[in-house]
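Engineer: File follows, my_file38.cif with mmCIF, C-alpha atoms:
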data_work
#
loop_
_atom_site.label_atom_id
_atom_site.label_comp_id
_atom_site.auth_asym_id
_atom_site.auth_seq_id
_atom_site.Cartn_x
_atom_site.Cartn_y
_atom_site.Cartn_z
CA MET A 5 0.00 0.00 0.00
CA ASP A 6 2.85 2.37 0.85
CA MET A 7 4.41 1.75 -2.59
CA ASP A 8 1.13 2.66 -4.30
CA LYS A 9 0.95 5.92 -2.38
CA GLN A 10 4.54 6.79 -3.31
CA SER A 11 3.84 5.92 -6.94
CA ASP A 12 0.71 8.11 -6.93
CA GLU A 13 2.65 10.97 -5.38
CA ALA A 14 5.43 10.59 -7.95
CA GLU A 15 2.88 10.61 -10.80
CA ALA A 16 1.12 13.64 -9.33
CA TYR A 17 4.44 15.45 -8.97
CA ALA A 18 5.43 14.58 -12.55
CA ALA A 19 2.06 15.85 -13.81
CA TYR A 20 2.51 19.02 -11.77
CA MET A 21 6.00 19.61 -13.17
CA GLU A 22 4.79 18.98 -16.73
CA GLU A 23 1.91 21.45 -16.30
CA ARG A 24 4.22 23.98 -14.65
CA LEU A 25 6.68 23.76 -17.55
CA ARG A 26 3.84 24.13 -20.05
CA LEU A 27 2.56 27.25 -18.26
CA LEU A 28 6.05 28.76 -18.00
CA ASN A 29 6.59 28.22 -21.73
CA ALA A 30 3.20 29.81 -22.45
CA ARG A 31 4.18 32.78 -20.28
CA LEU A 32 7.46 33.11 -22.17
CA GLU A 33 5.66 33.09 -25.52
CA GLN A 34 3.16 35.69 -24.28
CA SER A 35 6.01 37.89 -23.09
CA LYS A 36 7.73 37.65 -26.47
CA SER A 37 4.48 38.46 -28.26
CA PHE A 38 3.81 41.42 -25.96
CA ASP A 39 7.28 42.88 -26.57
CA LYS A 40 6.94 42.42 -30.33
CA LEU A 41 3.49 44.00 -30.29
CA LEU A 42 4.67 47.03 -28.32
CA THR A 43 7.61 47.52 -30.65
CA THR A 44 5.53 47.08 -33.79
CA LEU A 45 2.74 49.38 -32.65
CA SER A 46 5.12 52.12 -31.51
CA VAL A 47 7.06 52.06 -34.77
CA ALA A 48 3.87 51.87 -36.86
CA ALA A 49 2.24 54.78 -35.01
CA PHE A 50 5.39 56.86 -35.34
CA GLY A 51 5.57 56.01 -39.06
CA PHE A 52 1.89 56.80 -39.52
CA SER A 53 2.32 60.20 -37.92
CA VAL A 54 5.31 61.03 -40.10
CA GLY A 55 3.39 59.90 -43.18
CA TYR A 56 0.43 62.00 -42.12
CA ILE A 57 2.62 65.07 -41.83
CA GLU A 58 4.24 64.43 -45.21
CA LEU A 59 1.18 63.42 -47.24
CA ILE A 60 -2.09 64.49 -45.65
CA ARG A 61 -1.45 67.36 -43.29
CA PRO A 62 -3.33 70.57 -43.59
CA THR A 63 -1.45 73.82 -43.81
CA PRO A 64 -0.73 75.14 -41.29
CA ILE A 65 -0.48 72.28 -38.80
CA GLN A 66 -2.68 72.76 -35.76
CA GLY A 67 -1.28 71.79 -32.36
CA PRO A 68 2.21 70.60 -33.26
CA ARG A 69 2.93 70.13 -29.54
CA TRP A 70 0.45 67.23 -29.50
CA LEU A 71 2.46 65.55 -32.24
CA LEU A 72 5.81 66.20 -30.57
CA ALA A 73 4.48 64.83 -27.28
CA ALA A 74 3.17 61.74 -29.09
CA TRP A 75 6.57 61.20 -30.68
CA ALA A 76 8.22 61.54 -27.28
CA CYS A 77 5.86 58.90 -25.87
CA PHE A 78 6.58 56.51 -28.74
CA PHE A 79 10.31 57.06 -28.24
CA VAL A 80 10.00 56.32 -24.52
CA SER A 81 7.97 53.21 -25.33
CA LEU A 82 10.59 51.91 -27.75
CA VAL A 83 13.53 52.65 -25.47
CA ALA A 84 11.77 51.00 -22.52
CA VAL A 85 10.98 47.82 -24.46
CA LEU A 86 14.54 47.63 -25.79
CA LEU A 87 15.96 48.06 -22.29
CA SER A 88 13.55 45.41 -21.03
CA PHE A 89 15.20 42.89 -23.36
CA LEU A 90 18.51 43.53 -21.61
CA THR A 91 17.09 43.46 -18.09
CA SER A 92 15.17 40.30 -18.91
CA GLN A 93 18.42 38.54 -19.83
CA ARG A 94 19.96 39.72 -16.57
CA ALA A 95 16.87 38.57 -14.67
CA CYS A 96 17.22 35.07 -16.11
CA THR A 97 20.90 34.93 -15.19
CA ARG A 98 20.13 36.12 -11.66
CA GLN A 99 17.31 33.59 -11.30
CA VAL A 100 19.69 30.76 -12.25
CA LYS A 101 22.09 31.94 -9.53
CA ILE A 102 19.23 32.06 -7.02
CA ALA A 103 18.19 28.53 -7.96
CA GLU A 104 21.77 27.36 -7.52
CA GLN A 105 21.93 28.98 -4.09
CA VAL A 106 18.71 27.29 -3.03
CA LEU A 107 19.38 23.86 -4.49
CA LEU A 108 23.13 23.45 -4.13
CA SER A 109 23.80 25.21 -0.86
CA ASP A 110 23.57 23.86 2.65
CA ASP A 111 22.58 27.35 3.77
CA HIS A 112 18.78 27.25 4.07
CA SER A 113 18.43 30.62 5.74
CA THR A 114 15.25 32.60 5.43
CA ASP A 115 17.10 35.80 4.51
CA SER A 116 15.01 36.89 1.53
CA SER A 117 17.55 39.55 0.48
CA LYS A 118 19.71 36.70 -0.86
CA PHE A 119 16.96 35.74 -3.25
CA ARG A 120 15.93 39.13 -4.62
CA ASN A 121 15.90 39.57 -8.34
CA CYS A 122 15.98 43.31 -8.98
CA TRP A 123 16.42 42.66 -12.71
CA ALA A 124 13.03 40.95 -12.86
CA LYS A 125 11.41 43.94 -11.14
CA ALA A 126 13.18 46.30 -13.54
CA THR A 127 11.89 44.30 -16.51
CA ILE A 128 8.32 44.51 -15.22
CA GLY A 129 8.69 48.25 -14.69
CA LEU A 130 10.14 48.78 -18.16
CA ASN A 131 7.36 46.76 -19.77
CA ALA A 132 4.78 48.83 -17.93
CA THR A 133 6.55 52.04 -18.98
CA SER A 134 6.57 50.89 -22.59
CA PHE A 135 2.87 50.07 -22.47
CA VAL A 136 1.95 53.40 -20.88
CA GLY A 137 4.19 55.25 -23.36
CA LEU A 138 2.45 53.53 -26.26
CA LEU A 139 -1.02 54.34 -24.91
CA GLY A 140 -0.03 57.94 -24.21
CA GLY A 141 1.46 58.33 -27.67
CA MET A 142 -1.66 56.90 -29.29
CA ALA A 143 -3.91 59.23 -27.30
CA LEU A 144 -1.77 62.26 -28.14
CA LEU A 145 -1.59 61.28 -31.79
CA ALA A 146 -5.38 60.92 -31.88
CA ALA A 147 -5.75 64.36 -30.30
CA PHE A 148 -3.38 65.79 -32.90
CA ALA A 149 -5.27 64.10 -35.76
CA ILE A 150 -8.63 65.35 -34.48
CA LYS A 151 -7.25 68.86 -34.15
CA ASN A 152 -6.11 68.71 -37.78
CA LEU A 153 -9.31 67.31 -39.31
CA PRO A 154 -10.61 69.35 -42.21
CA GLN A 155 -12.99 72.00 -40.93
#
Mind turning the file's structure into structure tokens?
Structural biologist:
Amino acid sequence: MDMDKQSDEAEAYAAYMEERLRLLNARLEQSKSFDKLLTTLSVAAFGFSVGYIELIRPTPIQGPRWLLAAWACFFVSLVAVLLSFLTSQRACTRQVKIAEQVLLSDDHSTDSSKFRNCWAKATIGLNATSFVGLLGGMALLAAFAIKNLPQ
């Protein structure tokens, strides 16, 4: 009976680990897609605004500050997402070191400062900054476009 219980526990643990790995891979794919989407949308919106100025714009342009602010937001969004690629790599490296400390060390202290991953927090912050920059740029670009609609 004890062998059956151990076998059931081993199977349950294997199923858990398989599901955990599947979810982590899904999270990684979602993160990649999110970063690509932010980059693509920021570049496309910036390109659209430049094209609008070159091809469609009325003369004179109304509210150029709206456009400049939108461009600044798109720039911030792009820089933040590019920096997040770098911090994400550092976060992975740091997490490997943390795992090594936990698994390979005899020191099982509860000092949480040993296991902090500031790179992961920086990546989350940069992704949020990129997202907010994109939304802000889109809103400012929309305001600029509305201001420049034919009267």
Engineer: Once the PyMOL selection byres ((chain A and resi 145) around 10) has been evaluated on this model, what residues remain selected, and can you format them as a compact mmCIF listing (two decimals) with C-alpha atoms, keeping the file's coordinate frame?
Structural biologist:
# COMPACT_ATOMS: atom_id res chain seq x y z
CA ALA A 49 2.24 54.78 -35.01
CA PHE A 50 5.39 56.86 -35.34
CA PHE A 52 1.89 56.80 -39.52
CA SER A 53 2.32 60.20 -37.92
CA TRP A 70 0.45 67.23 -29.50
CA LEU A 71 2.46 65.55 -32.24
CA LEU A 72 5.81 66.20 -30.57
CA ALA A 73 4.48 64.83 -27.28
CA ALA A 74 3.17 61.74 -29.09
CA TRP A 75 6.57 61.20 -30.68
CA CYS A 77 5.86 58.90 -25.87
CA PHE A 78 6.58 56.51 -28.74
CA LEU A 139 -1.02 54.34 -24.91
CA GLY A 140 -0.03 57.94 -24.21
CA GLY A 141 1.46 58.33 -27.67
CA MET A 142 -1.66 56.90 -29.29
CA ALA A 143 -3.91 59.23 -27.30
CA LEU A 144 -1.77 62.26 -28.14
CA ALA A 146 -5.38 60.92 -31.88
CA ALA A 147 -5.75 64.36 -30.30
CA PHE A 148 -3.38 65.79 -32.90
CA ALA A 149 -5.27 64.10 -35.76
CA ILE A 150 -8.63 65.35 -34.48
CA LYS A 151 -7.25 68.86 -34.15
Engineer: Go through the shown structure with the PyMOL selection byres ((chain A and resi 35) around 12) and write out the matching residues as a PDB file with C-alpha atoms, in the coordinates of the input.
Structural biologist:
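File expr-v4.pdb, as written:
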ATOM      1  CA  LEU A  28       6.050  28.760 -18.000  1.00  0.00           C
ATOM      2  CA  ASN A  29       6.590  28.220 -21.730  1.00  0.00           C
ATOM      3  CA  ALA A  30       3.200  29.810 -22.450  1.00  0.00           C
ATOM      4  CA  ARG A  31       4.180  32.780 -20.280  1.00  0.00           C
ATOM      5  CA  LEU A  32       7.460  33.110 -22.170  1.00  0.00           C
ATOM      6  CA  GLU A  33       5.660  33.090 -25.520  1.00  0.00           C
ATOM      7  CA  GLN A  34       3.160  35.690 -24.280  1.00  0.00           C
ATOM      8  CA  LYS A  36       7.730  37.650 -26.470  1.00  0.00           C
ATOM      9  CA  SER A  37       4.480  38.460 -28.260  1.00  0.00           C
ATOM     10  CA  PHE A  38       3.810  41.420 -25.960  1.00  0.00           C
ATOM     11  CA  ASP A  39       7.280  42.880 -26.570  1.00  0.00           C
ATOM     12  CA  LYS A  40       6.940  42.420 -30.330  1.00  0.00           C
ATOM     13  CA  LEU A  41       3.490  44.000 -30.290  1.00  0.00           C
ATOM     14  CA  LEU A  42       4.670  47.030 -28.320  1.00  0.00           C
ATOM     15  CA  VAL A  85      10.980  47.820 -24.460  1.00  0.00           C
ATOM     16  CA  SER A  88      13.550  45.410 -21.030  1.00  0.00           C
ATOM     17  CA  PHE A  89      15.200  42.890 -23.360  1.00  0.00           C
ATOM     18  CA  SER A  92      15.170  40.300 -18.910  1.00  0.00           C
ATOM     19  CA  THR A 127      11.890  44.300 -16.510  1.00  0.00           C
ATOM     20  CA  ILE A 128       8.320  44.510 -15.220  1.00  0.00           C
ATOM     21  CA  ASN A 131       7.360  46.760 -19.770  1.00  0.00           C
TER      22      ASN A 131
END
Engineer: Which residue, A:Cys122, A:Ser46, A:Ala18, A:Pro154, has the smallest gap to Leu82 of chain A when you use all atoms listed in the file?
Structural biologist: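 Looking at the shortest contact to Leu82 of chain A, the residue is A:Ser46.
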Engineer: Could you tell me how far atom CA of Ala132 of chain A sits from atom CA of Ala84 of chain A, in Å to one decimal place?
Structural biologist: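 About the pair atom CA of Ala84 of chain A and atom CA of Ala132 of chain A: they are 8.6 Å apart.
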Engineer: What gap, in Å, lies between atom CA of Thr43 of chain A and atom CA of Leu86 of chain A?
Structural biologist: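 Between atom CA of Thr43 of chain A and atom CA of Leu86 of chain A the gap is 8.5 Å.
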Engineer: Could you state the separation of atom CA of Arg24 of chain A and atom CA of Gly129 of chain A in Å, given to one decimal place?
Structural biologist: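 Atom-to-atom, atom CA of Arg24 of chain A and atom CA of Gly129 of chain A are spaced 24.7 Å apart.
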Engineer: From the set A:Leu27, A:Ala14, A:Ala19, A:Ala48, which residue has the shortest atom-to-atom contact distance to Phe79 of chain A, counting all atoms listed in the file?
Structural biologist: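 Smallest separation from Phe79 of chain A among the options: A:Ala48.
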Engineer: Excluding Gln99 of chain A and any residue of its chain fewer than 2 positions from it, enumerate the residues within 9 Å of it, using all atoms listed in the file, and give them as a list in words.
Structural biologist: Arg94, Ala95, Cys96, Thr97, Lys101, Ile102, Ala103, Glu104, Phe119, Arg120, Asn121 and Ala124 of chain A
Engineer: Could segment 130-153 of chain A be completed with N, CA and C atoms and written as a PDB file, in the frame of the given file, please?
Structural biologist:
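Contents of the output file out_32.pdb:
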ATOM      1  N   LEU A 130       9.892  48.307 -16.796  1.00  0.00           N
ATOM      2  CA  LEU A 130      10.140  48.780 -18.160  1.00  0.00           C
ATOM      3  C   LEU A 130       9.018  48.381 -19.115  1.00  0.00           C
ATOM      4  N   ASN A 131       8.497  47.172 -18.945  1.00  0.00           N
ATOM      5  CA  ASN A 131       7.360  46.760 -19.770  1.00  0.00           C
ATOM      6  C   ASN A 131       6.146  47.635 -19.518  1.00  0.00           C
ATOM      7  N   ALA A 132       5.904  47.952 -18.261  1.00  0.00           N
ATOM      8  CA  ALA A 132       4.780  48.830 -17.930  1.00  0.00           C
ATOM      9  C   ALA A 132       5.002  50.229 -18.513  1.00  0.00           C
ATOM     10  N   THR A 133       6.231  50.732 -18.416  1.00  0.00           N
ATOM     11  CA  THR A 133       6.550  52.040 -18.980  1.00  0.00           C
ATOM     12  C   THR A 133       6.338  52.049 -20.491  1.00  0.00           C
ATOM     13  N   SER A 134       6.754  50.984 -21.142  1.00  0.00           N
ATOM     14  CA  SER A 134       6.570  50.890 -22.590  1.00  0.00           C
ATOM     15  C   SER A 134       5.096  50.885 -22.953  1.00  0.00           C
ATOM     16  N   PHE A 135       4.307  50.147 -22.213  1.00  0.00           N
ATOM     17  CA  PHE A 135       2.870  50.070 -22.470  1.00  0.00           C
ATOM     18  C   PHE A 135       2.203  51.430 -22.260  1.00  0.00           C
ATOM     19  N   VAL A 136       2.533  52.081 -21.166  1.00  0.00           N
ATOM     20  CA  VAL A 136       1.950  53.400 -20.880  1.00  0.00           C
ATOM     21  C   VAL A 136       2.417  54.422 -21.920  1.00  0.00           C
ATOM     22  N   GLY A 137       3.685  54.354 -22.324  1.00  0.00           N
ATOM     23  CA  GLY A 137       4.190  55.250 -23.360  1.00  0.00           C
ATOM     24  C   GLY A 137       3.447  55.061 -24.673  1.00  0.00           C
ATOM     25  N   LEU A 138       3.189  53.812 -25.033  1.00  0.00           N
ATOM     26  CA  LEU A 138       2.450  53.530 -26.260  1.00  0.00           C
ATOM     27  C   LEU A 138       1.028  54.087 -26.173  1.00  0.00           C
ATOM     28  N   LEU A 139       0.352  53.820 -25.065  1.00  0.00           N
ATOM     29  CA  LEU A 139      -1.020  54.340 -24.910  1.00  0.00           C
ATOM     30  C   LEU A 139      -1.044  55.860 -24.925  1.00  0.00           C
ATOM     31  N   GLY A 140      -0.098  56.474 -24.228  1.00  0.00           N
ATOM     32  CA  GLY A 140      -0.030  57.940 -24.210  1.00  0.00           C
ATOM     33  C   GLY A 140       0.236  58.489 -25.599  1.00  0.00           C
ATOM     34  N   GLY A 141       1.156  57.880 -26.316  1.00  0.00           N
ATOM     35  CA  GLY A 141       1.460  58.330 -27.670  1.00  0.00           C
ATOM     36  C   GLY A 141       0.256  58.197 -28.593  1.00  0.00           C
ATOM     37  N   MET A 142      -0.468  57.091 -28.457  1.00  0.00           N
ATOM     38  CA  MET A 142      -1.660  56.900 -29.290  1.00  0.00           C
ATOM     39  C   MET A 142      -2.724  57.942 -28.977  1.00  0.00           C
ATOM     40  N   ALA A 143      -2.913  58.224 -27.701  1.00  0.00           N
ATOM     41  CA  ALA A 143      -3.910  59.230 -27.300  1.00  0.00           C
ATOM     42  C   ALA A 143      -3.514  60.614 -27.812  1.00  0.00           C
ATOM     43  N   LEU A 144      -2.245  60.959 -27.665  1.00  0.00           N
ATOM     44  CA  LEU A 144      -1.770  62.260 -28.140  1.00  0.00           C
ATOM     45  C   LEU A 144      -1.824  62.370 -29.654  1.00  0.00           C
ATOM     46  N   LEU A 145      -1.504  61.276 -30.337  1.00  0.00           N
ATOM     47  CA  LEU A 145      -1.590  61.280 -31.790  1.00  0.00           C
ATOM     48  C   LEU A 145      -3.040  61.425 -32.254  1.00  0.00           C
ATOM     49  N   ALA A 146      -3.948  60.770 -31.547  1.00  0.00           N
ATOM     50  CA  ALA A 146      -5.380  60.920 -31.880  1.00  0.00           C
ATOM     51  C   ALA A 146      -5.831  62.352 -31.662  1.00  0.00           C
ATOM     52  N   ALA A 147      -5.389  62.958 -30.562  1.00  0.00           N
ATOM     53  CA  ALA A 147      -5.750  64.360 -30.300  1.00  0.00           C
ATOM     54  C   ALA A 147      -5.202  65.258 -31.405  1.00  0.00           C
ATOM     55  N   PHE A 148      -3.978  65.011 -31.821  1.00  0.00           N
ATOM     56  CA  PHE A 148      -3.380  65.790 -32.900  1.00  0.00           C
ATOM     57  C   PHE A 148      -4.181  65.617 -34.196  1.00  0.00           C
ATOM     58  N   ALA A 149      -4.528  64.378 -34.523  1.00  0.00           N
ATOM     59  CA  ALA A 149      -5.270  64.100 -35.760  1.00  0.00           C
ATOM     60  C   ALA A 149      -6.641  64.774 -35.732  1.00  0.00           C
ATOM     61  N   ILE A 150      -7.306  64.709 -34.603  1.00  0.00           N
ATOM     62  CA  ILE A 150      -8.630  65.350 -34.480  1.00  0.00           C
ATOM     63  C   ILE A 150      -8.506  66.869 -34.653  1.00  0.00           C
ATOM     64  N   LYS A 151      -7.467  67.424 -34.052  1.00  0.00           N
ATOM     65  CA  LYS A 151      -7.250  68.860 -34.150  1.00  0.00           C
ATOM     66  C   LYS A 151      -6.992  69.303 -35.597  1.00  0.00           C
ATOM     67  N   ASN A 152      -6.462  68.385 -36.403  1.00  0.00           N
ATOM     68  CA  ASN A 152      -6.110  68.710 -37.780  1.00  0.00           C
ATOM     69  C   ASN A 152      -7.113  68.167 -38.807  1.00  0.00           C
ATOM     70  N   LEU A 153      -8.284  67.738 -38.360  1.00  0.00           N
ATOM     71  CA  LEU A 153      -9.310  67.310 -39.310  1.00  0.00           C
ATOM     72  C   LEU A 153      -9.757  68.495 -40.146  1.00  0.00           C
TER      73      LEU A 153
END
